[in-house]
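Peer 1: Enclosed is the structure file start.txt (compact mmCIF, C-alpha atoms and all ligand atoms).
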# COMPACT_ATOMS: atom_id res chain seq x y z
CA MET A 1 -22.93 44.01 -47.91
CA SER A 2 -21.40 40.84 -49.40
CA GLU A 3 -18.10 41.65 -47.56
CA LEU A 4 -20.01 41.73 -44.28
CA PHE A 5 -21.74 38.48 -45.18
CA ASN A 6 -18.40 36.80 -46.02
CA SER A 7 -16.83 37.94 -42.79
CA LEU A 8 -19.86 36.67 -40.87
CA ILE A 9 -19.54 33.26 -42.57
CA LEU A 10 -15.81 33.20 -41.79
CA SER A 11 -16.47 34.04 -38.14
CA LEU A 12 -19.08 31.28 -37.92
CA ARG A 13 -16.65 28.78 -39.45
CA LEU A 14 -13.92 29.80 -37.04
CA LEU A 15 -16.33 29.48 -34.13
CA ASP A 16 -17.41 26.06 -35.35
CA ALA A 17 -13.79 24.92 -35.65
CA ALA A 18 -13.00 26.24 -32.17
CA LEU A 19 -16.03 24.45 -30.73
CA ALA A 20 -15.09 21.21 -32.48
CA GLN A 21 -11.54 21.52 -31.14
CA ALA A 22 -12.81 22.21 -27.62
CA GLU A 23 -15.15 19.25 -27.85
CA ARG A 24 -12.33 17.03 -29.13
CA ARG A 25 -10.10 18.26 -26.31
CA ILE A 26 -12.76 17.47 -23.70
CA LEU A 27 -13.21 14.00 -25.17
CA LEU A 28 -9.49 13.31 -25.43
CA THR A 29 -8.33 14.79 -22.15
CA PHE A 30 -7.42 11.98 -19.83
CA ARG A 31 -8.76 12.95 -16.44
CA ILE A 32 -7.17 11.67 -13.24
CA GLY A 33 -8.78 11.99 -9.82
CA PHE A 34 -6.65 11.46 -6.72
CA THR A 35 -8.37 10.52 -3.47
CA ARG A 36 -8.36 13.36 -0.99
CA ASP A 37 -6.60 11.33 1.71
CA PHE A 38 -3.29 12.35 0.08
CA LEU A 39 -3.90 15.83 1.51
CA ASN A 40 -3.47 17.40 4.91
CA PRO A 41 -6.55 19.19 6.29
CA ASP A 42 -5.07 22.49 5.02
CA GLY A 43 -4.96 21.13 1.45
CA SER A 44 -1.19 20.61 1.24
CA ILE A 45 0.07 17.23 0.04
CA GLY A 46 0.74 15.24 3.17
CA ILE A 47 3.16 12.59 1.98
CA GLY A 48 5.58 14.36 -0.32
CA GLU A 49 6.02 13.91 -4.06
CA ILE A 50 3.34 11.49 -5.30
CA GLY A 51 4.25 11.47 -8.99
CA LEU A 52 2.57 14.74 -9.96
CA GLY A 53 5.85 15.88 -11.51
CA LEU A 54 5.24 13.37 -14.33
CA LEU A 55 2.02 15.23 -15.20
CA GLU A 56 3.63 18.64 -15.59
CA GLY A 57 3.43 20.00 -19.12
CA ARG A 58 1.01 17.26 -20.30
CA SER A 59 -1.74 19.03 -22.23
CA ASP A 60 -3.52 15.70 -22.76
CA VAL A 61 -3.93 15.04 -19.04
CA GLU A 62 -5.89 16.88 -16.37
CA TRP A 63 -5.79 15.98 -12.72
CA GLU A 64 -7.35 17.04 -9.46
CA PHE A 65 -7.94 15.79 -5.95
CA LEU A 66 -11.48 14.54 -5.34
CA PRO A 67 -13.47 17.32 -3.69
CA GLU A 68 -14.43 15.18 -0.72
CA ARG A 69 -12.36 13.16 1.75
CA THR A 70 -14.10 9.84 2.24
CA ARG A 71 -13.40 6.42 3.72
CA ALA A 72 -15.50 4.71 1.01
CA LEU A 73 -15.86 5.95 -2.57
CA THR A 74 -19.24 6.22 -4.28
CA ALA A 75 -20.28 6.32 -7.95
CA GLU A 76 -20.57 10.09 -7.68
CA HIS A 77 -16.95 10.42 -6.55
CA LEU A 78 -15.71 8.57 -9.65
CA GLU A 79 -17.80 10.40 -12.23
CA GLY A 80 -15.83 12.05 -15.03
CA TYR A 81 -12.47 10.35 -14.42
CA ASP A 82 -10.49 8.00 -16.64
CA ALA A 83 -8.09 7.16 -13.83
CA LEU A 84 -8.15 7.08 -10.06
CA GLY A 85 -5.04 7.55 -7.88
CA LEU A 86 -6.07 5.67 -4.74
CA LEU A 87 -4.47 5.85 -1.32
CA GLY A 88 -6.51 4.57 1.64
CA ALA A 89 -10.18 4.98 0.66
CA ARG A 90 -12.22 1.85 -0.02
CA LEU A 91 -13.42 1.16 -3.54
CA PRO A 92 -16.54 -1.01 -3.21
CA ALA A 93 -18.44 -2.62 -6.10
CA GLU A 94 -21.32 -0.09 -5.80
CA ALA A 95 -18.95 2.76 -6.66
CA LEU A 96 -18.35 1.23 -10.10
CA GLU A 97 -21.99 0.53 -10.95
CA GLY A 98 -22.93 2.22 -14.22
CA ASN A 99 -19.39 3.57 -14.73
CA THR A 100 -18.22 3.15 -18.33
CA ARG A 101 -15.43 5.71 -18.31
CA LEU A 102 -12.96 4.72 -15.57
CA ALA A 103 -10.13 2.69 -17.10
CA VAL A 104 -7.47 2.43 -14.41
CA VAL A 105 -7.23 2.48 -10.63
CA ALA A 106 -3.68 3.01 -9.42
CA ARG A 107 -3.41 1.91 -5.82
CA TYR A 108 -0.51 3.57 -4.00
CA GLY A 109 0.88 0.52 -2.17
CA VAL A 110 0.56 -3.21 -2.65
CA GLY A 111 -2.35 -4.18 -0.41
CA TYR A 112 -5.62 -4.06 -2.35
CA ASP A 113 -8.05 -5.60 0.14
CA THR A 114 -9.77 -2.18 0.09
CA VAL A 115 -10.65 -2.61 -3.58
CA ASP A 116 -13.37 -4.84 -5.04
CA VAL A 117 -11.21 -6.49 -7.68
CA PRO A 118 -13.94 -8.59 -9.40
CA ALA A 119 -16.03 -5.41 -9.77
CA CYS A 120 -13.06 -3.64 -11.38
CA THR A 121 -12.66 -6.51 -13.84
CA ALA A 122 -16.38 -6.61 -14.60
CA HIS A 123 -16.29 -2.90 -15.46
CA GLY A 124 -13.17 -3.08 -17.62
CA VAL A 125 -11.03 -1.27 -15.03
CA VAL A 126 -7.41 -2.29 -14.63
CA LEU A 127 -6.06 -2.23 -11.06
CA THR A 128 -2.37 -1.53 -10.57
CA ILE A 129 -0.20 -1.60 -7.43
CA THR A 130 3.30 -0.34 -6.64
CA PRO A 131 5.52 -3.15 -5.38
CA ASP A 132 8.61 -1.21 -6.48
CA GLY A 133 7.64 1.70 -4.20
CA VAL A 134 6.93 -0.22 -0.99
CA ARG A 135 9.67 -2.85 -1.18
CA ARG A 136 12.58 -1.00 0.42
CA ALA A 137 10.50 1.29 2.67
CA MET A 138 8.63 -1.63 4.24
CA ALA A 139 11.72 -3.80 4.55
CA THR A 140 13.64 -1.05 6.36
CA SER A 141 10.56 -0.60 8.59
CA VAL A 142 10.85 -4.23 9.64
CA ILE A 143 14.58 -3.84 10.33
CA THR A 144 13.71 -0.72 12.38
CA PHE A 145 11.19 -2.71 14.43
CA MET A 146 13.58 -5.62 14.82
CA LEU A 147 16.37 -3.40 16.14
CA ALA A 148 14.02 -1.32 18.32
CA LEU A 149 12.56 -4.45 19.93
CA SER A 150 15.88 -6.18 20.45
CA HIS A 151 17.57 -3.05 21.88
CA ARG A 152 14.43 -2.15 23.88
CA LEU A 153 14.65 1.28 22.35
CA LEU A 154 11.26 2.65 23.37
CA GLU A 155 11.42 1.25 26.90
CA GLN A 156 14.84 2.89 27.41
CA ASP A 157 13.54 6.10 25.88
CA ARG A 158 10.54 6.20 28.24
CA ALA A 159 12.67 5.34 31.30
CA THR A 160 15.21 8.04 30.45
CA ARG A 161 12.51 10.68 30.03
CA ALA A 162 11.03 9.63 33.37
CA GLY A 163 14.42 10.14 35.06
CA GLU A 164 14.78 6.38 35.65
CA GLY A 165 17.12 5.47 32.81
CA TRP A 166 20.28 5.01 34.86
CA GLN A 167 18.58 3.07 37.69
CA ARG A 168 16.93 0.73 35.19
CA LYS A 169 19.94 0.13 32.91
CA LEU A 170 20.24 -3.52 33.92
CA ASP A 171 16.50 -4.15 33.76
CA LEU A 172 16.43 -2.78 30.26
CA MET A 173 19.30 -4.78 28.75
CA GLY A 174 18.65 -5.74 25.16
CA TYR A 175 19.03 -8.96 23.21
CA GLY A 176 21.70 -9.43 20.53
CA LEU A 177 20.78 -10.70 17.09
CA ASP A 178 23.92 -12.59 16.07
CA GLY A 179 23.12 -16.30 15.76
CA LYS A 180 19.39 -15.78 16.30
CA THR A 181 16.70 -16.89 13.84
CA LEU A 182 14.45 -14.60 11.85
CA GLY A 183 11.25 -16.26 10.61
CA LEU A 184 9.40 -14.71 7.67
CA ILE A 185 5.78 -15.59 6.91
CA GLY A 186 5.80 -14.83 3.19
CA ILE A 187 8.88 -14.10 1.07
CA GLY A 188 7.45 -12.16 -1.83
CA ASN A 189 8.34 -8.59 -2.68
CA ILE A 190 8.76 -7.26 0.89
CA GLY A 191 9.62 -10.46 2.74
CA GLY A 192 12.38 -11.11 0.19
CA GLU A 193 13.84 -7.64 0.70
CA VAL A 194 13.75 -8.13 4.50
CA ALA A 195 15.74 -11.33 4.00
CA ARG A 196 18.33 -9.44 1.91
CA LEU A 197 18.66 -6.58 4.41
CA ALA A 198 18.79 -8.88 7.45
CA GLN A 199 21.75 -10.95 6.23
CA PRO A 200 24.54 -8.79 7.75
CA PHE A 201 23.16 -9.15 11.30
CA GLY A 202 24.30 -12.77 11.50
CA LEU A 203 20.73 -14.04 11.61
CA LYS A 204 19.67 -17.42 10.31
CA ILE A 205 16.66 -16.76 8.09
CA ILE A 206 13.82 -19.23 7.71
CA ALA A 207 10.51 -18.73 5.95
CA CYS A 208 7.10 -20.25 5.48
CA ASP A 209 5.59 -19.51 2.08
CA PRO A 210 3.56 -22.25 0.41
CA TYR A 211 3.77 -20.47 -2.95
CA ALA A 212 7.45 -19.49 -2.98
CA LYS A 213 9.73 -21.07 -5.55
CA PRO A 214 12.55 -23.04 -3.85
CA GLU A 215 15.12 -21.43 -6.17
CA VAL A 216 13.96 -17.94 -5.09
CA ALA A 217 14.30 -18.88 -1.41
CA ALA A 218 17.71 -20.43 -2.08
CA ALA A 219 18.89 -17.28 -3.87
CA LEU A 220 17.84 -15.26 -0.81
CA GLY A 221 19.71 -17.61 1.53
CA VAL A 222 16.42 -18.55 3.18
CA GLU A 223 15.40 -22.02 4.35
CA LEU A 224 11.76 -22.81 3.54
CA ILE A 225 9.91 -24.65 6.31
CA ASP A 226 6.35 -25.20 7.52
CA LEU A 227 4.57 -22.64 9.69
CA ASP A 228 4.52 -24.64 12.91
CA THR A 229 8.27 -25.26 12.78
CA LEU A 230 8.87 -21.59 12.00
CA LEU A 231 6.76 -20.51 14.97
CA ALA A 232 8.58 -22.85 17.33
CA THR A 233 12.06 -21.99 16.07
CA ALA A 234 12.26 -18.29 15.27
CA ASP A 235 13.36 -15.58 17.71
CA ILE A 236 11.81 -12.85 15.60
CA ILE A 237 8.82 -13.54 13.37
CA SER A 238 7.75 -11.03 10.72
CA ILE A 239 4.55 -11.33 8.69
CA HIS A 240 4.66 -10.59 4.95
CA CYS A 241 1.74 -12.38 3.35
CA ALA A 242 -1.28 -10.64 1.89
CA LEU A 243 -4.63 -10.72 3.69
CA THR A 244 -6.67 -13.44 2.00
CA ASP A 245 -9.33 -15.93 3.11
CA GLU A 246 -6.45 -18.30 3.78
CA THR A 247 -4.40 -15.88 5.91
CA ARG A 248 -7.21 -14.15 7.86
CA GLY A 249 -6.70 -15.12 11.51
CA LEU A 250 -3.61 -17.19 10.56
CA VAL A 251 -1.81 -16.24 13.80
CA ASP A 252 -4.27 -17.19 16.55
CA THR A 253 -4.01 -18.36 20.17
CA ALA A 254 -2.78 -21.82 19.19
CA LYS A 255 -0.13 -20.43 16.83
CA LEU A 256 1.06 -17.86 19.38
CA ALA A 257 1.35 -20.66 21.95
CA ARG A 258 3.87 -22.38 19.66
CA MET A 259 6.21 -19.38 19.75
CA LYS A 260 9.16 -19.16 22.14
CA PRO A 261 8.46 -17.07 25.27
CA THR A 262 11.53 -15.03 24.26
CA ALA A 263 10.27 -14.35 20.73
CA PHE A 264 9.08 -11.13 19.12
CA LEU A 265 6.28 -10.83 16.56
CA ILE A 266 6.30 -8.08 13.92
CA ASN A 267 3.22 -7.39 11.82
CA THR A 268 3.45 -4.80 9.07
CA ALA A 269 1.27 -6.78 6.63
CA ARG A 270 -2.43 -6.58 7.57
CA GLY A 271 -4.06 -6.53 11.02
CA PRO A 272 -6.63 -9.32 10.52
CA ILE A 273 -3.87 -11.84 9.77
CA VAL A 274 -3.28 -11.83 13.54
CA ASN A 275 -6.04 -12.32 16.12
CA GLN A 276 -5.48 -9.09 18.06
CA GLN A 277 -7.10 -10.31 21.29
CA ALA A 278 -5.02 -13.48 21.20
CA LEU A 279 -1.87 -11.38 20.67
CA TYR A 280 -2.82 -9.12 23.58
CA GLU A 281 -3.24 -12.15 25.84
CA ALA A 282 0.06 -13.68 24.69
CA LEU A 283 1.87 -10.42 25.44
CA VAL A 284 0.27 -10.06 28.88
CA SER A 285 0.83 -13.68 29.90
CA GLY A 286 4.43 -13.71 28.70
CA ALA A 287 3.72 -16.38 26.06
CA ILE A 288 5.84 -14.14 23.82
CA ARG A 289 8.27 -11.36 24.76
CA GLY A 290 7.07 -8.47 22.65
CA ALA A 291 5.61 -7.25 19.40
CA ALA A 292 5.71 -4.40 16.93
CA ILE A 293 2.61 -3.69 14.93
CA ASP A 294 1.80 -1.20 12.21
CA VAL A 295 -1.57 -2.71 11.28
CA TYR A 296 -4.73 -3.56 13.23
CA GLU A 297 -7.97 -5.51 12.94
CA GLN A 298 -9.85 -2.19 12.86
CA GLU A 299 -8.22 0.94 11.46
CA PRO A 300 -7.87 3.59 12.70
CA VAL A 301 -7.23 1.71 15.93
CA ASP A 302 -9.17 2.95 18.96
CA ALA A 303 -6.87 4.67 21.47
CA ALA A 304 -8.54 2.62 24.23
CA GLU A 305 -7.64 -0.68 22.53
CA PRO A 306 -5.97 -2.84 25.25
CA ILE A 307 -2.97 -3.76 23.11
CA LEU A 308 -1.98 -0.08 22.87
CA GLN A 309 -1.62 0.07 26.66
CA LEU A 310 1.16 -2.55 26.84
CA GLU A 311 4.81 -1.66 27.50
CA ASN A 312 6.17 -4.58 25.46
CA VAL A 313 4.54 -3.45 22.23
CA ILE A 314 5.67 -0.87 19.69
CA VAL A 315 2.78 0.59 17.75
CA THR A 316 2.63 2.78 14.66
CA PRO A 317 -0.41 4.06 12.71
CA HIS A 318 -0.07 2.02 9.49
CA ALA A 319 2.59 4.54 8.49
CA ILE A 320 5.96 3.09 9.58
CA GLY A 321 6.84 2.66 5.92
CA TRP A 322 5.72 6.12 4.82
CA THR A 323 8.88 7.95 3.93
CA ASP A 324 9.78 10.47 1.26
CA GLU A 325 11.41 7.57 -0.60
CA TRP A 326 8.17 5.55 -0.40
CA ALA A 327 6.15 8.48 -1.72
CA ARG A 328 8.55 9.30 -4.55
CA ILE A 329 8.99 5.78 -5.93
CA THR A 330 5.36 4.81 -5.31
CA GLY A 331 4.13 8.03 -6.94
CA GLN A 332 6.28 7.54 -10.02
CA SER A 333 5.12 3.96 -10.30
CA ALA A 334 1.40 4.75 -9.83
CA VAL A 335 1.32 7.78 -12.13
CA GLY A 336 3.51 5.93 -14.65
CA GLY A 337 0.83 3.22 -14.79
CA MET A 338 -1.97 5.75 -15.32
CA LEU A 339 -0.01 7.48 -18.08
CA ALA A 340 0.61 4.13 -19.76
CA VAL A 341 -3.16 3.70 -20.05
CA ALA A 342 -3.53 7.30 -21.24
CA GLU A 343 -1.13 6.43 -24.04
CA GLY A 344 -2.95 3.21 -24.92
CA ARG A 345 -0.38 0.92 -23.30
CA VAL A 346 -0.83 -1.82 -20.70
CA PRO A 347 0.59 -0.63 -17.36
CA ASN A 348 3.05 -2.50 -15.13
CA PHE A 349 2.05 -4.33 -11.94
CA VAL A 350 -1.49 -5.25 -12.93
CA VAL A 351 -3.46 -7.12 -10.24
CA ASN A 352 -6.46 -8.26 -12.35
CA LYS A 353 -4.55 -9.49 -15.42
CA GLU A 354 -7.75 -11.14 -16.70
CA VAL A 355 -9.19 -7.68 -17.47
CA LEU A 356 -6.53 -7.03 -20.10
CA GLU A 357 -8.18 -9.32 -22.66
CA THR A 358 -11.75 -8.10 -22.09
CA ALA A 359 -13.49 -6.17 -24.85
CA LEU A 360 -14.43 -3.44 -22.34
CA PHE A 361 -10.85 -2.69 -21.35
CA GLN A 362 -9.47 -3.15 -24.87
CA GLU A 363 -11.98 -0.62 -26.15
CA LYS A 364 -10.90 1.95 -23.55
CA LEU A 365 -7.24 1.33 -24.24
CA SER A 366 -7.62 1.68 -28.01
CA ARG A 367 -9.68 4.86 -27.54
CA PHE A 368 -6.87 6.45 -25.53
CA GLY A 369 -4.15 5.12 -27.81
CA LYS A 370 -5.83 6.42 -31.00
CA GLY A 371 -6.82 9.70 -29.46
CA ARG A 372 -3.22 10.52 -28.76
CA GLY A 373 -1.82 9.24 -31.99
N1 LIG B 1 2.03 -1.54 6.51
C1 LIG B 1 2.07 -1.06 5.29
O1 LIG B 1 2.02 0.14 5.06
C2 LIG B 1 2.20 -2.01 4.14
C3 LIG B 1 2.82 -1.56 2.98
C4 LIG B 1 2.98 -2.44 1.92
C5 LIG B 1 2.51 -3.74 2.04
N2 LIG B 1 1.89 -4.14 3.18
C6 LIG B 1 1.40 -5.53 3.28
O2 LIG B 1 2.45 -6.41 3.02
C7 LIG B 1 1.92 -7.52 2.28
C8 LIG B 1 3.04 -8.17 1.48
O3 LIG B 1 3.41 -7.33 0.42
P1 LIG B 1 4.33 -7.87 -0.77
O4 LIG B 1 4.54 -6.73 -1.71
O5 LIG B 1 5.54 -8.56 -0.23
O6 LIG B 1 3.35 -8.94 -1.43
P2 LIG B 1 3.74 -10.19 -2.33
O7 LIG B 1 2.49 -10.63 -2.98
O8 LIG B 1 4.91 -9.89 -3.20
O9 LIG B 1 4.20 -11.29 -1.28
C9 LIG B 1 3.30 -11.98 -0.46
C10 LIG B 1 3.89 -13.35 -0.22
O10 LIG B 1 3.05 -14.05 0.71
C11 LIG B 1 3.01 -15.40 0.31
N3 LIG B 1 1.87 -16.08 0.91
C12 LIG B 1 0.60 -16.16 0.44
N4 LIG B 1 -0.14 -16.92 1.28
C13 LIG B 1 0.68 -17.30 2.28
C14 LIG B 1 0.50 -18.09 3.45
N5 LIG B 1 -0.68 -18.65 3.74
N6 LIG B 1 1.55 -18.25 4.27
C15 LIG B 1 2.75 -17.71 3.98
N7 LIG B 1 3.00 -16.96 2.88
C16 LIG B 1 1.96 -16.77 2.05
C17 LIG B 1 2.95 -15.31 -1.21
O11 LIG B 1 3.33 -16.54 -1.80
C18 LIG B 1 3.93 -14.21 -1.50
O12 LIG B 1 5.25 -14.71 -1.68
C19 LIG B 1 0.85 -6.86 1.41
O13 LIG B 1 -0.11 -7.75 0.97
C20 LIG B 1 0.28 -5.82 2.31
O14 LIG B 1 -0.82 -6.39 2.99
C21 LIG B 1 1.72 -3.31 4.22
As a first step, turn the structure in this file into structure tokens.
Peer 2:
Amino acid sequence: MSELFNSLILSLRLLDAALAQAERRILLTFRIGFTRDFLNPDGSIGIGEIGLGLLEGRSDVEWEFLPERTRALTAEHLEGYDALGLLGARLPAEALEGNTRLAVVARYGVGYDTVDVPACTAHGVVLTITPDGVRRAMATSVITFMLALSHRLLEQDRATRAGEGWQRKLDLMGYGLDGKTLGLIGIGNIGGEVARLAQPFGLKIIACDPYAKPEVAAALGVELIDLDTLLATADIISIHCALTDETRGLVDTAKLARMKPTAFLINTARGPIVNQQALYEALVSGAIRGAAIDVYEQEPVDAAEPILQLENVIVTPHAIGWTDEWARITGQSAVGGMLAVAEGRVPNFVVNKEVLETALFQEKLSRFGKGRG
């Protein structure tokens, strides 16, 4: 009888220990949710390796894709996660209301106009971006656009397919780059890389960037000038500033009118930096020669949008920079940042640096750090 009693006590103790361990595991497991826009409709990952390899074999981390594909996240979507891997969905302030668990949002890319940054800070959530991942992919995108515009690649392609290529050879002659001027609006991470990659084409490179350090521009071989002079001088203008209150509508009718009628405009930054109607009119009237745009005032852009109907425009769906290289480096950078938080460390490439000193964020960080020894 006493043997049975002892074995019952032992079983209860073992059960208790197992429950305590399970509870500890639930509390300590760092849970990452990835927005569902990483996935194709069939559930496969649409853009290649996104850093999931770094999570293999980590018993302290669980991850999943959010069950629902959404353009704007809600509080319900974020429930139960310590970290969010964010691609294109919006993260408004309402989604963070009442959330005390989320510690890090890792935005895949460098634009974060889709994220309410003050709300992140107020809730002790650190926002990271991936400048290392987008730098080369976006800069080569700009070089692609520059070469495609100057060689009239898509016009020649369309004419050839229509059986008119040979008749129209002279009409479709391109424009050489040697000795021309490339004007960059913004020479940060991406603009700087464009300057480096553009050097061998014999281009003179000028830039307008009110916040750039002269020594950085000098090291890039770039002459810093004011915007109006850049607009009037450059043969190819490429936009590389972030969308802010200051840059919204920066390139409007008056600015386009300053450009040479032979000039091209490239916008891979953000659509609302350029007034799209004004650009359409400039392209139709011949105020400028052509444009290449990856970004629009409204995304996804409506197929009936007038600018999409023009022959002298190259358009891409905010994806010209999406390559396997982009996905791999961006993924490693984003997941690396989330894992840093999981290990109680401050991640790289923090947008809202002011959050780092807040008691809310410090408490989360120390919880993760201690939990994992
Ligand atoms: N199409 C895409 O898929 C894609 C991908 C990545 C980035 N982007 C866009 O590219 C932008 C640039 O990215 P980044 O990594 O080079 O950012 P960054 O912050 O490193 O560089 C932005 C530069 O713009 C400058 N700037 C700010 N205000 C300016 C103004 N009024 N006029 C001129 N320059 C100004 C800044 O001083 C800075 O040097 C992002 O903000 C994002 O919107 C688009």
Peer 1: Residues contacting ligand LIG 1 (chain B) - anything with an atom at most 7 Å away, using all atoms listed in the file - can you give me those as number ranges by chain?
Peer 2: A: 109-111, 131, 134-135, 138, 185-191, 208-212, 240-243, 246-247, 268-270, 294-295, 318-321
Peer 1: What is the CA of Leu149 (chain A)-CA of Lys169 (chain A) distance in Å, reported with one decimal?
Peer 2: 15.6 Å
Peer 1: Mind giving me the straight-line distance from CA of Ile307 (chain A) to CA of Ala72 (chain A) in Å, one decimal?
Peer 2: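 Distance between the two atoms: 26.8 Å.
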Peer 1: Nearest to Trp322 (chain A): which of A:Arg31, A:Gly133, A:Ala122, A:Thr70 is it, counting all atoms listed in the file?
Peer 2: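 Among the listed residues, A:Gly133 lies closest to Trp322 (chain A).
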Peer 1: For Pro306 (chain A), which residue out of A:Ala263, A:Ala278, A:Ala95, A:Val346 is the nearest one, using all atoms listed in the file?
Peer 2: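 That would be A:Ala278, the residue with the smallest distance to Pro306 (chain A).
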